[in-house]
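Raw contents of entry04.cif, mmCIF, C-alpha atoms:
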data_final
#
loop_
_atom_site.label_atom_id
_atom_site.label_comp_id
_atom_site.auth_asym_id
_atom_site.auth_seq_id
_atom_site.Cartn_x
_atom_site.Cartn_y
_atom_site.Cartn_z
CA MET O 1 -18.28 -0.01 -3.32
CA ARG O 2 -14.83 1.04 -4.48
CA ASP O 3 -12.82 -0.38 -7.32
CA THR O 4 -9.10 0.08 -7.91
CA ILE O 5 -6.98 1.07 -10.89
CA ARG O 6 -3.29 0.28 -10.31
CA LEU O 7 -0.09 1.49 -11.92
CA THR O 8 2.94 -0.45 -10.71
CA GLY O 9 6.60 0.33 -11.24
CA VAL O 10 6.38 3.67 -13.06
CA ARG O 11 10.02 4.70 -13.33
CA ALA O 12 11.62 8.08 -14.02
CA ARG O 13 14.78 9.97 -13.17
CA GLY O 14 14.55 12.70 -10.58
CA HIS O 15 16.97 14.92 -8.70
CA HIS O 16 15.40 14.71 -5.25
CA GLY O 17 17.32 14.36 -2.01
CA VAL O 18 19.12 16.27 0.69
CA PHE O 19 22.65 15.70 -0.62
CA ASP O 20 24.30 17.77 -3.36
CA HIS O 21 25.24 14.66 -5.38
CA GLU O 22 21.59 13.55 -5.44
CA ARG O 23 20.54 16.92 -6.81
CA GLN O 24 23.37 17.01 -9.34
CA ASP O 25 23.47 13.41 -10.57
CA GLY O 26 19.87 12.36 -10.05
CA GLN O 27 18.63 8.82 -9.61
CA ASP O 28 15.75 6.57 -10.57
CA PHE O 29 12.53 6.71 -8.61
CA VAL O 30 9.84 4.05 -8.90
CA VAL O 31 6.19 4.77 -8.14
CA ASP O 32 3.18 2.55 -7.51
CA VAL O 33 -0.25 4.18 -7.60
CA ALA O 34 -3.62 2.76 -6.64
CA VAL O 35 -6.65 4.88 -7.50
CA GLU O 36 -10.02 4.18 -5.94
CA VAL O 37 -12.88 4.68 -8.38
CA ASP O 38 -16.43 3.53 -8.79
CA ALA O 39 -16.08 1.67 -12.07
CA ARG O 40 -19.80 1.08 -12.56
CA THR O 41 -20.34 4.34 -14.45
CA ALA O 42 -17.44 3.72 -16.83
CA SER O 43 -18.32 0.08 -17.38
CA GLY O 44 -21.91 1.04 -18.14
CA SER O 45 -21.04 3.87 -20.51
CA ASP O 46 -17.84 2.32 -21.91
CA ASP O 47 -16.56 5.90 -22.01
CA LEU O 48 -12.97 6.76 -21.08
CA ASP O 49 -14.15 10.11 -19.69
CA ASP O 50 -15.98 8.23 -16.91
CA THR O 51 -12.82 6.72 -15.42
CA VAL O 52 -9.16 7.55 -14.82
CA HIS O 53 -7.13 7.30 -18.02
CA TYR O 54 -4.14 5.30 -16.80
CA GLY O 55 -1.97 6.37 -19.73
CA VAL O 56 -2.46 10.03 -18.86
CA LEU O 57 -1.95 9.22 -15.18
CA ALA O 58 1.36 7.47 -15.91
CA GLU O 59 2.58 10.55 -17.78
CA GLN O 60 1.55 12.75 -14.85
CA VAL O 61 3.47 10.54 -12.41
CA VAL O 62 6.62 10.84 -14.55
CA ALA O 63 6.17 14.61 -14.79
CA GLU O 64 5.94 14.88 -11.01
CA ILE O 65 9.12 12.81 -10.56
CA GLU O 66 11.00 14.88 -13.14
CA ARG O 67 9.90 18.34 -11.96
CA ASP O 68 11.84 20.66 -9.66
CA PRO O 69 13.89 18.92 -6.98
CA VAL O 70 12.76 18.60 -3.37
CA ASP O 71 14.50 17.14 -0.34
CA LEU O 72 12.02 14.44 0.62
CA ILE O 73 10.27 11.57 -1.14
CA GLU O 74 7.30 12.45 1.07
CA THR O 75 6.97 15.67 -0.93
CA VAL O 76 7.17 13.76 -4.22
CA ALA O 77 4.43 11.40 -2.99
CA GLU O 78 2.19 14.33 -2.03
CA ARG O 79 2.64 15.90 -5.46
CA ILE O 80 1.69 12.65 -7.17
CA ALA O 81 -1.35 12.15 -4.93
CA ALA O 82 -2.52 15.68 -5.73
CA ALA O 83 -2.19 14.95 -9.46
CA VAL O 84 -4.19 11.73 -9.09
CA LEU O 85 -7.01 13.53 -7.32
CA THR O 86 -7.41 16.02 -10.17
CA HIS O 87 -9.11 13.21 -12.10
CA ARG O 88 -12.87 13.53 -11.68
CA ALA O 89 -13.38 9.78 -11.18
CA ALA O 90 -10.66 9.43 -8.53
CA LEU O 91 -12.15 9.06 -5.05
CA ALA O 92 -8.91 8.29 -3.18
CA THR O 93 -5.37 7.19 -3.87
CA GLU O 94 -2.48 5.30 -2.37
CA VAL O 95 0.94 6.37 -3.65
CA THR O 96 4.22 4.60 -2.93
CA VAL O 97 7.46 6.30 -3.94
CA HIS O 98 10.49 4.00 -3.96
CA LYS O 99 14.05 5.30 -3.85
CA PRO O 100 16.10 2.16 -4.55
CA GLN O 101 19.39 4.06 -4.89
CA ALA O 102 19.04 6.04 -1.64
CA PRO O 103 22.38 7.05 -0.11
CA ILE O 104 22.44 4.53 2.72
CA THR O 105 25.71 3.09 4.04
CA VAL O 106 24.41 -0.46 4.69
CA PRO O 107 23.08 -3.06 2.24
CA PHE O 108 19.37 -2.59 1.48
CA THR O 109 16.85 -3.36 -1.22
CA ASP O 110 14.54 -0.37 -1.16
CA VAL O 111 13.43 2.72 0.71
CA SER O 112 9.87 3.93 0.20
CA ILE O 113 7.04 6.04 1.54
CA THR O 114 3.38 5.15 1.12
CA ILE O 115 0.68 7.77 1.59
CA ARG O 116 -3.08 7.55 1.30
CA ARG O 117 -5.15 10.57 0.35
CA SER O 118 -8.79 11.10 -0.50
CA ARG O 119 -10.74 13.82 -2.18
CA GLY O 120 -10.84 16.66 0.31
CA GLY O 121 -7.13 16.45 1.05
CA SER O 122 -7.12 14.24 4.12
CA SER O 123 -5.39 10.99 4.85
CA VAL O 124 -7.59 7.96 4.34
CA SER O 125 -8.45 6.55 7.74
CA GLU O 126 -8.66 2.87 8.63
CA GLU O 127 -12.47 3.10 8.59
CA GLU O 128 -12.46 4.32 4.98
CA GLU O 129 -10.30 1.51 3.67
#

Could you express the structure from this file as structure tokens?
Amino acid sequence: MRDTIRLTGVRARGHHGVFDHERQDGQDFVVDVAVEVDARTASGSDDLDDTVHYGVLAEQVVAEIERDPVDLIETVAERIAAAVLTHRAALATEVTVHKPQAPITVPFTDVSITIRRSRGGSSVSEEEE
């Protein structure tokens, strides 16, 4: 059985994108993270060390958004997923990176990428979900 810890709408300014003005000026990125855990150990022990500390995780997400610029939000999502999976209790993760100020010439609400990764570095397949 898998349980889920969710962080929704973590916002930070990053300088990611393929255009010079994106790198220079930066823009806000918004991240949603779901972390699959088995919460039974933590609920039985009532010990923070037996789960994923969502405060620490939120700070890690911001650090990944703010670190050195890359061209693609796919790369940002991979970095965040890798940070999530450093937590001992994390079994798998789903990371969505939103780029609401993407340089698109038509009206839009949001652009995002969602990736799913599990311990071992692979994508989470339909059977695992």

- Contacts of segment 50-62 of chain O at 6 Å (only C-alpha atoms; same-chain gap of 3+ positions) as a list in words: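 Residues meeting the cut-off are Ala12, Ala42, Asp47, Ile65, Ile80 and Ala89 of chain O.
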
Create the file for the chosen residues now, containing C-alpha atoms and written as an mmCIF file, in the coordinates of the input.
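Heads up, here's the output in out17.cif:
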data_model
loop_
_atom_site.group_PDB
_atom_site.id
_atom_site.type_symbol
_atom_site.label_atom_id
_atom_site.label_comp_id
_atom_site.auth_asym_id
_atom_site.auth_seq_id
_atom_site.Cartn_x
_atom_site.Cartn_y
_atom_site.Cartn_z
ATOM 1 C CA ALA O 12 11.620 8.080 -14.020
ATOM 2 C CA ALA O 42 -17.440 3.720 -16.830
ATOM 3 C CA ASP O 47 -16.560 5.900 -22.010
ATOM 4 C CA ILE O 65 9.120 12.810 -10.560
ATOM 5 C CA ILE O 80 1.690 12.650 -7.170
ATOM 6 C CA ALA O 89 -13.380 9.780 -11.180
#

- One-decimal distance in Å that lies between atom CA of Val70 of chain O and atom CA of Ile104 of chain O: 18.1 Å

- Message: Counting only C-alpha atoms, I want the residues whose atoms come within 12 Å of (11.8, 17.7, -10.0) in the file frame, returned as a count of residues only.
- Response: 31

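The space separating atom CA of Arg117 of chain O from atom CA of His98 of chain O comes to 17.5 Å.
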
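Here the PyMOL selection byres ((chain O and resi 7) around 9) matches the residues Ile5, Arg6, Thr8, Gly9, Val10, Val31, Asp32, Val33, Ala34, Val35, Tyr54, Leu57 and Ala58 of chain O.
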
- Message: If I take atom CA of Ser112 of chain O and atom CA of Val97 of chain O, how far is one from the other in Å, to one decimal?
- Response: 5.3 Å

- Task: Can you turn the PyMOL selection byres ((chain O and resi 92) around 12) into a concrete residue list for this file, as a PyMOL selection string?
- Result: chain O and resi 2-5+33-38+52+81-91+93-95+115-125+128-129

With C-alpha atoms kept, could you save the residues just selected as a short mmCIF file (atom, residue, chain, number, x, y, z; two decimals), in the coordinates of the input?
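Full text of part_12.cif as output:
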data_model
loop_
_atom_site.label_atom_id
_atom_site.label_comp_id
_atom_site.auth_asym_id
_atom_site.auth_seq_id
_atom_site.Cartn_x
_atom_site.Cartn_y
_atom_site.Cartn_z
CA ARG O 2 -14.83 1.04 -4.48
CA ASP O 3 -12.82 -0.38 -7.32
CA THR O 4 -9.10 0.08 -7.91
CA ILE O 5 -6.98 1.07 -10.89
CA VAL O 33 -0.25 4.18 -7.60
CA ALA O 34 -3.62 2.76 -6.64
CA VAL O 35 -6.65 4.88 -7.50
CA GLU O 36 -10.02 4.18 -5.94
CA VAL O 37 -12.88 4.68 -8.38
CA ASP O 38 -16.43 3.53 -8.79
CA VAL O 52 -9.16 7.55 -14.82
CA ALA O 81 -1.35 12.15 -4.93
CA ALA O 82 -2.52 15.68 -5.73
CA ALA O 83 -2.19 14.95 -9.46
CA VAL O 84 -4.19 11.73 -9.09
CA LEU O 85 -7.01 13.53 -7.32
CA THR O 86 -7.41 16.02 -10.17
CA HIS O 87 -9.11 13.21 -12.10
CA ARG O 88 -12.87 13.53 -11.68
CA ALA O 89 -13.38 9.78 -11.18
CA ALA O 90 -10.66 9.43 -8.53
CA LEU O 91 -12.15 9.06 -5.05
CA THR O 93 -5.37 7.19 -3.87
CA GLU O 94 -2.48 5.30 -2.37
CA VAL O 95 0.94 6.37 -3.65
CA ILE O 115 0.68 7.77 1.59
CA ARG O 116 -3.08 7.55 1.30
CA ARG O 117 -5.15 10.57 0.35
CA SER O 118 -8.79 11.10 -0.50
CA ARG O 119 -10.74 13.82 -2.18
CA GLY O 120 -10.84 16.66 0.31
CA GLY O 121 -7.13 16.45 1.05
CA SER O 122 -7.12 14.24 4.12
CA SER O 123 -5.39 10.99 4.85
CA VAL O 124 -7.59 7.96 4.34
CA SER O 125 -8.45 6.55 7.74
CA GLU O 128 -12.46 4.32 4.98
CA GLU O 129 -10.30 1.51 3.67
#

Step by step, gather every atom of segment 65-83 of chain O that the file lists, find the box along x, y and z that holds them, add 3 Å on each side, and finally give centre and edge lengths in Å to one decimal, as AutoDock Vina command-line options.
--center_x 6.0 --center_y 16.0 --center_z -6.0 --size_x 23.0 --size_y 15.3 --size_z 20.2

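Of the residues under consideration (O:Ile113, O:Val18, O:Leu48, O:Ala39), O:Ile113 shows the shortest atom-to-atom contact distance to Glu78 of chain O when counting all atoms listed in the file.
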
Could you add the missing atoms to segment 99-110 of chain O, up to all heavy atoms, and return them as a CSV table (one decimal), in the frame of the given file?
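File produced: part-v5.csv:
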chain,number,residue,atom,x,y,z
O,99,LYS,N,12.8,4.7,-3.5
O,99,LYS,CA,14.0,5.3,-3.8
O,99,LYS,C,15.1,4.2,-3.7
O,99,LYS,O,15.8,4.1,-2.7
O,99,LYS,CB,14.3,6.5,-2.9
O,99,LYS,CG,15.5,7.3,-3.3
O,99,LYS,CD,15.6,8.5,-2.3
O,99,LYS,CE,16.8,9.4,-2.7
O,99,LYS,NZ,16.9,10.6,-1.8
O,100,PRO,N,15.2,3.3,-4.7
O,100,PRO,CA,16.1,2.2,-4.6
O,100,PRO,C,17.6,2.5,-4.5
O,100,PRO,O,18.4,1.6,-4.2
O,100,PRO,CB,15.7,1.3,-5.8
O,100,PRO,CG,15.1,2.2,-6.7
O,100,PRO,CD,14.5,3.3,-5.9
O,101,GLN,N,18.0,3.7,-4.9
O,101,GLN,CA,19.4,4.1,-4.9
O,101,GLN,C,19.7,5.1,-3.8
O,101,GLN,O,20.6,5.9,-3.9
O,101,GLN,CB,19.8,4.6,-6.3
O,101,GLN,CG,19.6,3.6,-7.4
O,101,GLN,CD,19.5,4.2,-8.7
O,101,GLN,OE1,19.2,5.4,-8.9
O,101,GLN,NE2,19.8,3.4,-9.8
O,102,ALA,N,18.9,5.1,-2.7
O,102,ALA,CA,19.0,6.0,-1.6
O,102,ALA,C,20.5,5.9,-1.1
O,102,ALA,O,21.0,4.8,-1.0
O,102,ALA,CB,18.0,5.8,-0.6
O,103,PRO,N,21.0,7.0,-0.6
O,103,PRO,CA,22.4,7.0,-0.1
O,103,PRO,C,22.4,6.5,1.3
O,103,PRO,O,22.5,7.3,2.3
O,103,PRO,CB,22.8,8.5,-0.2
O,103,PRO,CG,21.5,9.3,-0.1
O,103,PRO,CD,20.5,8.4,-0.7
O,104,ILE,N,22.4,5.2,1.4
O,104,ILE,CA,22.4,4.5,2.7
O,104,ILE,C,23.7,3.7,2.8
O,104,ILE,O,24.1,3.1,1.8
O,104,ILE,CB,21.2,3.6,2.9
O,104,ILE,CG1,19.9,4.5,2.9
O,104,ILE,CG2,21.3,2.8,4.2
O,104,ILE,CD1,18.7,3.6,2.9
O,105,THR,N,24.4,3.7,3.9
O,105,THR,CA,25.7,3.1,4.0
O,105,THR,C,25.7,1.6,4.3
O,105,THR,O,26.7,1.0,4.5
O,105,THR,CB,26.5,3.8,5.1
O,105,THR,OG1,25.8,3.7,6.4
O,105,THR,CG2,26.7,5.3,4.8
O,106,VAL,N,24.5,1.0,4.5
O,106,VAL,CA,24.4,-0.5,4.7
O,106,VAL,C,23.6,-1.1,3.5
O,106,VAL,O,22.9,-0.4,2.8
O,106,VAL,CB,23.7,-0.7,6.0
O,106,VAL,CG1,24.5,-0.2,7.2
O,106,VAL,CG2,22.3,-0.2,6.1
O,107,PRO,N,23.8,-2.4,3.3
O,107,PRO,CA,23.1,-3.1,2.2
O,107,PRO,C,21.6,-3.0,2.5
O,107,PRO,O,21.1,-3.1,3.6
O,107,PRO,CB,23.5,-4.5,2.3
O,107,PRO,CG,24.8,-4.5,3.1
O,107,PRO,CD,24.8,-3.3,4.0
O,108,PHE,N,20.8,-2.7,1.4
O,108,PHE,CA,19.4,-2.6,1.5
O,108,PHE,C,18.8,-2.8,0.1
O,108,PHE,O,19.5,-2.8,-0.9
O,108,PHE,CB,18.9,-1.2,2.0
O,108,PHE,CG,19.0,-0.1,1.0
O,108,PHE,CD1,17.9,0.4,0.4
O,108,PHE,CD2,20.3,0.5,0.8
O,108,PHE,CE1,18.0,1.4,-0.6
O,108,PHE,CE2,20.4,1.5,-0.1
O,108,PHE,CZ,19.3,2.0,-0.8
O,109,THR,N,17.5,-3.1,0.0
O,109,THR,CA,16.8,-3.4,-1.2
O,109,THR,C,16.1,-2.1,-1.7
O,109,THR,O,16.1,-1.8,-2.9
O,109,THR,CB,15.9,-4.6,-1.1
O,109,THR,OG1,16.6,-5.7,-0.7
O,109,THR,CG2,15.2,-4.8,-2.4
O,110,ASP,N,15.4,-1.5,-0.8
O,110,ASP,CA,14.5,-0.4,-1.2
O,110,ASP,C,14.3,0.5,0.0
O,110,ASP,O,14.3,0.1,1.2
O,110,ASP,CB,13.2,-0.9,-1.7
O,110,ASP,CG,12.3,0.1,-2.4
O,110,ASP,OD1,12.9,1.1,-2.8
O,110,ASP,OD2,11.1,-0.2,-2.5
